[in-house]
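> First the structure, then my questions, so here it is.
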Amino acid sequence: MMENERDEQLEARQTFFEKQKLIESARVSFHLLAAVLRNISLYPHDHPILLASAEKFRDHLQKVLTDRREAAFYLVRGELFFETLAIPIDNSFSTSIDLFQDKDIGGVVFKPNIASDEIVRFADMMSSDIVFSSEQESLNVTTAKRGILHIVIHHALLVDRQIGKVIKARERKAADIFRDTIGALKDVVEAVYLEKASSMRKMNTVMQNMVDYVLDNRDALVGLTSIKMYDEYTFAHSVNTAILAVSLGTYLTFKKPQLAALGISALLHDIGKVGIPKEIINKPGKLTEEEWVHVRKHPVAGAIFLSKVPGISKLATVAAFEHHQHGEKAYPVIQGDQKKHPFSQIISLADSYEAITASRIYYSSRIPPDEAMQILIKNRGVTSSLVLLKAFINMMGVFPVGTLLKLDTGEVGLVMHQTADLMRPRVLLLTKFDGSEKETGNIISLVETLDGRYKRSIAGTINPTVAKINVKKYFE
Ligand SMILES: [Fe+2]
Ligand SMILES: [Fe+2]
């Protein structure tokens with residue numbers, strides 16, 4: 001390995017783990033702040049328990065504040081962020097989050113050299129029935145008057161506007177990555193057709209971008225996989241499979257170079273299909289035995305092709321060869337007991353999920369994501385090991401992005417993001433479910449509570465095709 005390559009790998013690994021460490025540290029800080037906010041209503045202001053909790057929070061905050069000018073927490077639609085990193089919400093902070101929301105506070109920023117008595121005064125202010133202004137200046141006056149000089153609070157409206165912009169920019173970037181990856185894949189396919197030597201340079205670059213993006217924000221890209229591009233299905237299928245495989249890889253904390261190799265292998269797993277006549281690939285109905293003979297050749301054809309491409313991970317060849325090595329209809333048929341490489345198992349899993357959710361594209365119906373998950377669970381232990389399937393379910397959620405949910409309030413919600421709670425994703429609210437539903441533009445979290453109870457819960461799922469709801473338009 002070249003010296004600078006090793007440096008790059010080391011650096012990539014460090015930034016990934018550093019980010020995870022920062023998220024954990026921010027989560028602990030908020031947990032300690034929640035304890036102070038709880039204690040202020042239980043004890044007198046000079047009680048040692050209250051003071052000790054404020055000191056504990058201050059000490060932890062000081063650590064987070066090393067090398068940074070401030071520690072900023074934001075609350076956006078029921079979700080907690082540290083700077084722009086999403087912090088998994090646990091039950092210990094839900095009351096504090098309610099408190100901030102009730103007071104229309106969307107951001108709390110802590111500055112260095114904060115004293116613990118300021119924290120007590122801040123907690124006292126939060127527990128009073130003061131109504132906060134939406135003007136930043138008067139908010140600053142309110143805190144200054146109480147001797148709170150190292151904590152700045154922001155009104156929810158302002159924070160929503162700012163963070164909303166960041167989220168929009170991210171969504172745009174996800175769409176760019178999707179498009180660029182399709183472009184790079186088309187180049188390789190074209191090279192195969194024309195029997196030209198294909199360069200991996202462009203593909204390596206787009207894969208780096210995909211990996212970086214997934215490491216930062218997994219849900220936005222996974223959300224895009226639920227848009228099936230019918231006209232270019234084979235390309236979209238490959239890109240979707242790559243996104244799902246890389247996402248599972250990040251969930252399993254693979255290192256960056258492994259993630260890139262996994263992504264490229266997933267992107268090219270069906271490259272052997274280039275030799276199959278288009279009429280067979282796009283055939284809506286069942287294939288004849290003769291047509292199947294053609295289809296069954298693609299793992300070997302793909303493996304032979306990939307073994308000749310310079311500069312590509314050997315694992316791409318292995319994965320192309322092995323990705324249909326499961327179940328009763330495994331192909332190609334090989335003798336003896338076979339154990340698939342973990343990469344091949346991940347790709348098989350991503351490939352199956354993608355294919356199930358798209359399998360009815362030529363009929364007008366599609367299998368919704370939650371049903372696809374049920375099919376994978378029914379076939380557990382076949383496509384991949386149980387451990388991998390479990391990780392996949394934990395990552396995707398029981399109700400994956402793109403699932404349409406019936407809520408106990410009579411509303412309909414489309415799953416847009418996962419939260420720390422597998423059963424409580426973030427959803428885009430559609431108006432009452434009476435067939436005339438339309439987007440309301442509100443993304444809410446099912447984690448949100450009111451007076452200690454969940455505001456909304458899942459009452460069931462809805463099949464969008466049966467209900468004639470075009471889910472696709474909400475992801476465009
Ligand atoms: Fe395949
Ligand atoms: Fe495939």
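Residues in the structure tokens are named by chain (A, B, ... in the order shown) and by number from 1 within that chain; ligands are numbered from 1 in the order shown.
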With only C-alpha atoms and all ligand atoms counted, collect every polymer residue having an atom within 12 Å of ligand 2; state the result as an NGL selection string.
:A and (233-242 or 245 or 265-273 or 281 or 295-296 or 298-299 or 302 or 319-324 or 344 or 347-356 or 358-359)
> Since we have the selection now, will you write its residues out, keeping C-alpha atoms, as a CSV table (one decimal), in the first residue's frame?

chain,number,residue,atom,x,y,z
A,233,TYR,CA,-35.1,0.1,-14.5
A,234,THR,CA,-31.9,-1.9,-14.8
A,235,PHE,CA,-29.7,1.2,-14.1
A,236,ALA,CA,-31.9,2.3,-11.2
A,237,HIS,CA,-31.9,-1.2,-9.8
A,238,SER,CA,-28.2,-1.3,-9.7
A,239,VAL,CA,-27.8,2.2,-8.1
A,240,ASN,CA,-30.5,1.3,-5.6
A,241,THR,CA,-28.8,-1.9,-4.7
A,242,ALA,CA,-25.5,-0.1,-4.2
A,245,ALA,CA,-25.6,-2.2,0.3
A,265,SER,CA,-19.4,-4.5,-6.3
A,266,ALA,CA,-23.1,-3.9,-5.8
A,267,LEU,CA,-23.3,-1.4,-8.6
A,268,LEU,CA,-21.8,-3.9,-11.0
A,269,HIS,CA,-23.5,-7.1,-9.7
A,270,ASP,CA,-25.7,-7.5,-12.7
A,271,ILE,CA,-23.2,-6.3,-15.3
A,272,GLY,CA,-23.4,-9.8,-16.9
A,273,LYS,CA,-27.0,-8.9,-17.9
A,281,ILE,CA,-34.9,-8.3,-19.4
A,295,VAL,CA,-30.8,-15.1,-17.5
A,296,ARG,CA,-29.0,-17.8,-15.5
A,298,HIS,CA,-25.4,-13.5,-16.0
A,299,PRO,CA,-23.5,-14.2,-12.8
A,302,GLY,CA,-20.4,-10.7,-15.0
A,319,ALA,CA,-20.1,-10.9,-5.6
A,320,ALA,CA,-21.2,-11.0,-9.3
A,321,PHE,CA,-20.6,-14.8,-9.3
A,322,GLU,CA,-22.3,-15.4,-5.9
A,323,HIS,CA,-25.2,-13.1,-5.8
A,324,HIS,CA,-27.8,-15.7,-6.9
A,344,SER,CA,-22.1,-11.3,-1.6
A,347,ILE,CA,-25.5,-7.6,-2.0
A,348,SER,CA,-28.0,-10.5,-2.3
A,349,LEU,CA,-30.0,-9.0,0.5
A,350,ALA,CA,-30.0,-5.5,-1.0
A,351,ASP,CA,-30.7,-7.0,-4.5
A,352,SER,CA,-33.7,-9.0,-3.2
A,353,TYR,CA,-35.2,-6.1,-1.3
A,354,GLU,CA,-34.8,-3.9,-4.3
A,355,ALA,CA,-36.2,-6.5,-6.7
A,356,ILE,CA,-39.2,-7.3,-4.5
A,358,ALA,CA,-39.9,-3.2,-7.9
A,359,SER,CA,-41.1,-6.6,-9.0
> I'd like the neighbourhood of segment 383-398 of chain A as a ChimeraX atom specification, where a residue qualifies if any of its atoms comes within 7 Å (using only C-alpha atoms), though same-chain residues fewer than 6 positions away should be ignored.
/A:248,251,326-327,345-346,348-349,370,418,422-423
> Any chance you could export the current selection's C-alpha atoms as a PDB file, in the first residue's frame?

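Result saved to selection-v2.pdb:
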ATOM      1  CA  LEU A 248     -25.895  -1.608   5.443  1.00  0.00           C
ATOM      2  CA  TYR A 251     -24.555   0.384   9.729  1.00  0.00           C
ATOM      3  CA  HIS A 326     -29.134 -18.966  -2.467  1.00  0.00           C
ATOM      4  CA  GLY A 327     -32.443 -20.763  -2.182  1.00  0.00           C
ATOM      5  CA  GLN A 345     -24.606 -11.818   1.201  1.00  0.00           C
ATOM      6  CA  ILE A 346     -25.077  -8.077   1.693  1.00  0.00           C
ATOM      7  CA  SER A 348     -27.960 -10.486  -2.315  1.00  0.00           C
ATOM      8  CA  LEU A 349     -30.017  -8.976   0.484  1.00  0.00           C
ATOM      9  CA  ASP A 370     -43.082  -2.987   4.778  1.00  0.00           C
ATOM     10  CA  GLN A 418     -36.109   6.630  10.692  1.00  0.00           C
ATOM     11  CA  LEU A 422     -37.884   1.412  15.092  1.00  0.00           C
ATOM     12  CA  MET A 423     -41.649   1.751  15.484  1.00  0.00           C
TER      13      MET A 423
END
> From a backbone DSSP assignment, name each residue in segment 135-308 of chain A labelled helix (DSSP H, G or I), as a PyMOL selection string.
chain A and resi 136-145+156-193+201-216+218-224+233-251+256-267+271-275+278-281+289-295+298-307
> Write out as a Markdown table a residue-level contact list of segment 11-127 of chain A versus segment 161-181 of chain A with cut-off 10 Å: for each qualifying residue the closest pair of atoms and the distance in Å to one decimal, counting only C-alpha atoms, rows sorted by chain and residue number upward.

| residue | atom | partner | partner_atom | distance |
| --- | --- | --- | --- | --- |
| A:Tyr74 | CA | A:Ile163 | CA | 8.7 |
| A:Leu75 | CA | A:Ile163 | CA | 9.5 |
| A:Val76 | CA | A:Ile163 | CA | 7.6 |
| A:Phe81 | CA | A:Ile163 | CA | 9.7 |
| A:Glu83 | CA | A:Ile163 | CA | 9.6 |
| A:Thr84 | CA | A:Ile163 | CA | 8.0 |
> Go ahead and dump the residues you just picked, N, CA and C atoms, as an mmCIF file, in the first residue's frame.

data_model
loop_
_atom_site.group_PDB
_atom_site.id
_atom_site.type_symbol
_atom_site.label_atom_id
_atom_site.label_comp_id
_atom_site.auth_asym_id
_atom_site.auth_seq_id
_atom_site.Cartn_x
_atom_site.Cartn_y
_atom_site.Cartn_z
ATOM 1 N N TYR A 74 -30.215 21.832 18.471
ATOM 2 C CA TYR A 74 -31.411 22.328 17.790
ATOM 3 C C TYR A 74 -32.513 21.290 17.848
ATOM 4 N N LEU A 75 -33.712 21.785 17.882
ATOM 5 C CA LEU A 75 -34.878 20.894 17.845
ATOM 6 C C LEU A 75 -35.667 21.222 16.595
ATOM 7 N N VAL A 76 -35.756 20.272 15.713
ATOM 8 C CA VAL A 76 -36.511 20.530 14.496
ATOM 9 C C VAL A 76 -37.569 19.452 14.365
ATOM 10 N N PHE A 81 -30.885 17.794 17.155
ATOM 11 C CA PHE A 81 -29.634 17.864 16.404
ATOM 12 C C PHE A 81 -28.555 18.500 17.267
ATOM 13 N N GLU A 83 -25.430 20.643 16.282
ATOM 14 C CA GLU A 83 -25.027 21.263 15.024
ATOM 15 C C GLU A 83 -25.882 20.653 13.918
ATOM 16 N N THR A 84 -25.277 19.938 12.935
ATOM 17 C CA THR A 84 -26.178 19.345 11.930
ATOM 18 C C THR A 84 -26.278 17.830 12.084
#
> Identify, with DSSP run on backbone atoms, the residues in segment 145-387 of chain A assigned to strand (DSSP E or B), and express the list as a list in words.
Ile151, Val152, Ile153, His154 and His155 of chain A
> Ranking A:Ile151, A:Ile444, A:Ala372, A:Ala330 by minimum distance to ligand 1 and counting only C-alpha atoms and all ligand atoms, which one comes first?
A:Ala330
> I'd like the neighbourhood of Gln20 of chain A as a list in words, where a residue qualifies if any of its atoms comes within 12 Å (using only C-alpha atoms), though same-chain residues fewer than 5 positions away should be ignored.
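So, after excluding close chain neighbours, the residues are Arg13, Gln14, Thr15, Ser25, Ala26, Arg27, Phe82, Leu85, Ala86, Ile87, Pro88, Leu215, Asp216, Thr250, Tyr251 and Thr253 of chain A.
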> Would you list the contacts of Asp187 of chain A as a list in words, taking every protein, DNA or RNA residue within 9 Å and counting only C-alpha atoms, but skipping same-chain residues closer than 5 positions in sequence?
Ile182, Val192, Ser198, Ser199, Lys202 and Met203 of chain A
> If we count only C-alpha atoms and set the cut-off at 9 Å, which residues sit around Pro368 of chain A, ignoring sequence neighbours fewer than 5 positions away in its own chain? Please answer as number ranges by chain.
A: 356-358, 373, 402-404, 462-465
> Store the residues picked out above, limited to C-alpha atoms, as a PDB file, in the first residue's frame.

ATOM      1  CA  ILE A 356     -39.237  -7.272  -4.461  1.00  0.00           C
ATOM      2  CA  THR A 357     -40.237  -3.626  -4.088  1.00  0.00           C
ATOM      3  CA  ALA A 358     -39.909  -3.201  -7.851  1.00  0.00           C
ATOM      4  CA  MET A 373     -39.542  -6.600   4.681  1.00  0.00           C
ATOM      5  CA  GLY A 402     -41.654   5.090   1.505  1.00  0.00           C
ATOM      6  CA  THR A 403     -44.155   3.114   3.618  1.00  0.00           C
ATOM      7  CA  LEU A 404     -47.623   4.636   3.844  1.00  0.00           C
ATOM      8  CA  ILE A 462     -51.834   1.179   3.582  1.00  0.00           C
ATOM      9  CA  ASN A 463     -50.959  -0.287   0.209  1.00  0.00           C
ATOM     10  CA  PRO A 464     -50.502   2.809  -1.976  1.00  0.00           C
ATOM     11  CA  THR A 465     -51.501   1.013  -5.155  1.00  0.00           C
TER      12      THR A 465
END
> Quick one, how far is atom CA of Leu446 of chain A from atom CA of Arg424 of chain A?
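A separation of 4.9 Å between them.
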> Between A:His294, A:Lys286, A:Arg69, A:Lys103, single out the one closest to Ser127 of chain A, counting only C-alpha atoms.
A:Lys103
> Excluding Lys314 of chain A and its own-chain neighbours fewer than 4 positions away, which residues fall within 12 Å of it when counting only C-alpha atoms? Please give them as a PDB file with C-alpha atoms, in the first residue's frame.

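Written out: around_30.pdb:
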ATOM      1  CA  GLN A 258     -14.416  -1.450   2.310  1.00  0.00           C
ATOM      2  CA  ALA A 261     -15.415  -1.751  -2.701  1.00  0.00           C
ATOM      3  CA  LEU A 262     -18.820  -2.962  -1.510  1.00  0.00           C
ATOM      4  CA  ILE A 264     -18.743  -0.815  -6.652  1.00  0.00           C
ATOM      5  CA  SER A 265     -19.421  -4.548  -6.331  1.00  0.00           C
ATOM      6  CA  ALA A 303     -17.662 -12.422 -13.058  1.00  0.00           C
ATOM      7  CA  ILE A 304     -15.607 -13.104 -16.213  1.00  0.00           C
ATOM      8  CA  PHE A 305     -15.983  -9.506 -17.344  1.00  0.00           C
ATOM      9  CA  LEU A 306     -15.113  -8.008 -13.955  1.00  0.00           C
ATOM     10  CA  SER A 307     -12.083 -10.255 -13.512  1.00  0.00           C
ATOM     11  CA  LYS A 308     -10.574  -8.518 -16.533  1.00  0.00           C
ATOM     12  CA  VAL A 309     -11.188  -4.927 -15.440  1.00  0.00           C
ATOM     13  CA  PRO A 310      -7.987  -3.441 -14.069  1.00  0.00           C
ATOM     14  CA  VAL A 318     -16.810 -12.771  -6.291  1.00  0.00           C
ATOM     15  CA  ALA A 319     -20.068 -10.911  -5.617  1.00  0.00           C
ATOM     16  CA  ALA A 320     -21.191 -11.011  -9.263  1.00  0.00           C
ATOM     17  CA  PHE A 321     -20.579 -14.763  -9.277  1.00  0.00           C
ATOM     18  CA  HIS A 341     -18.605 -14.027   1.072  1.00  0.00           C
ATOM     19  CA  PHE A 343     -20.116  -8.893   0.590  1.00  0.00           C
ATOM     20  CA  SER A 344     -22.110 -11.282  -1.621  1.00  0.00           C
TER      21      SER A 344
END
> Calculated over only C-alpha atoms and all ligand atoms, which of the candidates A:Ile276, A:Val28, A:Leu244, A:Val447 has the smallest distance to ligand 1?
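The shortest atom-to-atom distance to ligand 1 comes from A:Ile276.
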> Give me the residues within 8 Å of segment 408-413 of chain A as an MDAnalysis selection string, counting only C-alpha atoms and dropping any in the same chain fewer than 2 places off.
chainID A and resid 404:406 415 427:433 456:459
> Of the candidates A:Lys256, A:Lys378, A:Lys283, A:His45, which shows the shortest atom-to-atom distance to Val214 of chain A, using only C-alpha atoms?
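Closest to Val214 of chain A of all the choices is A:Lys256.
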> Can you work out the spacing between atom CA of Ser133 of chain A and atom CA of His155 of chain A in Å, to one decimal?
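Here the two named atoms are 7.5 Å from each other.
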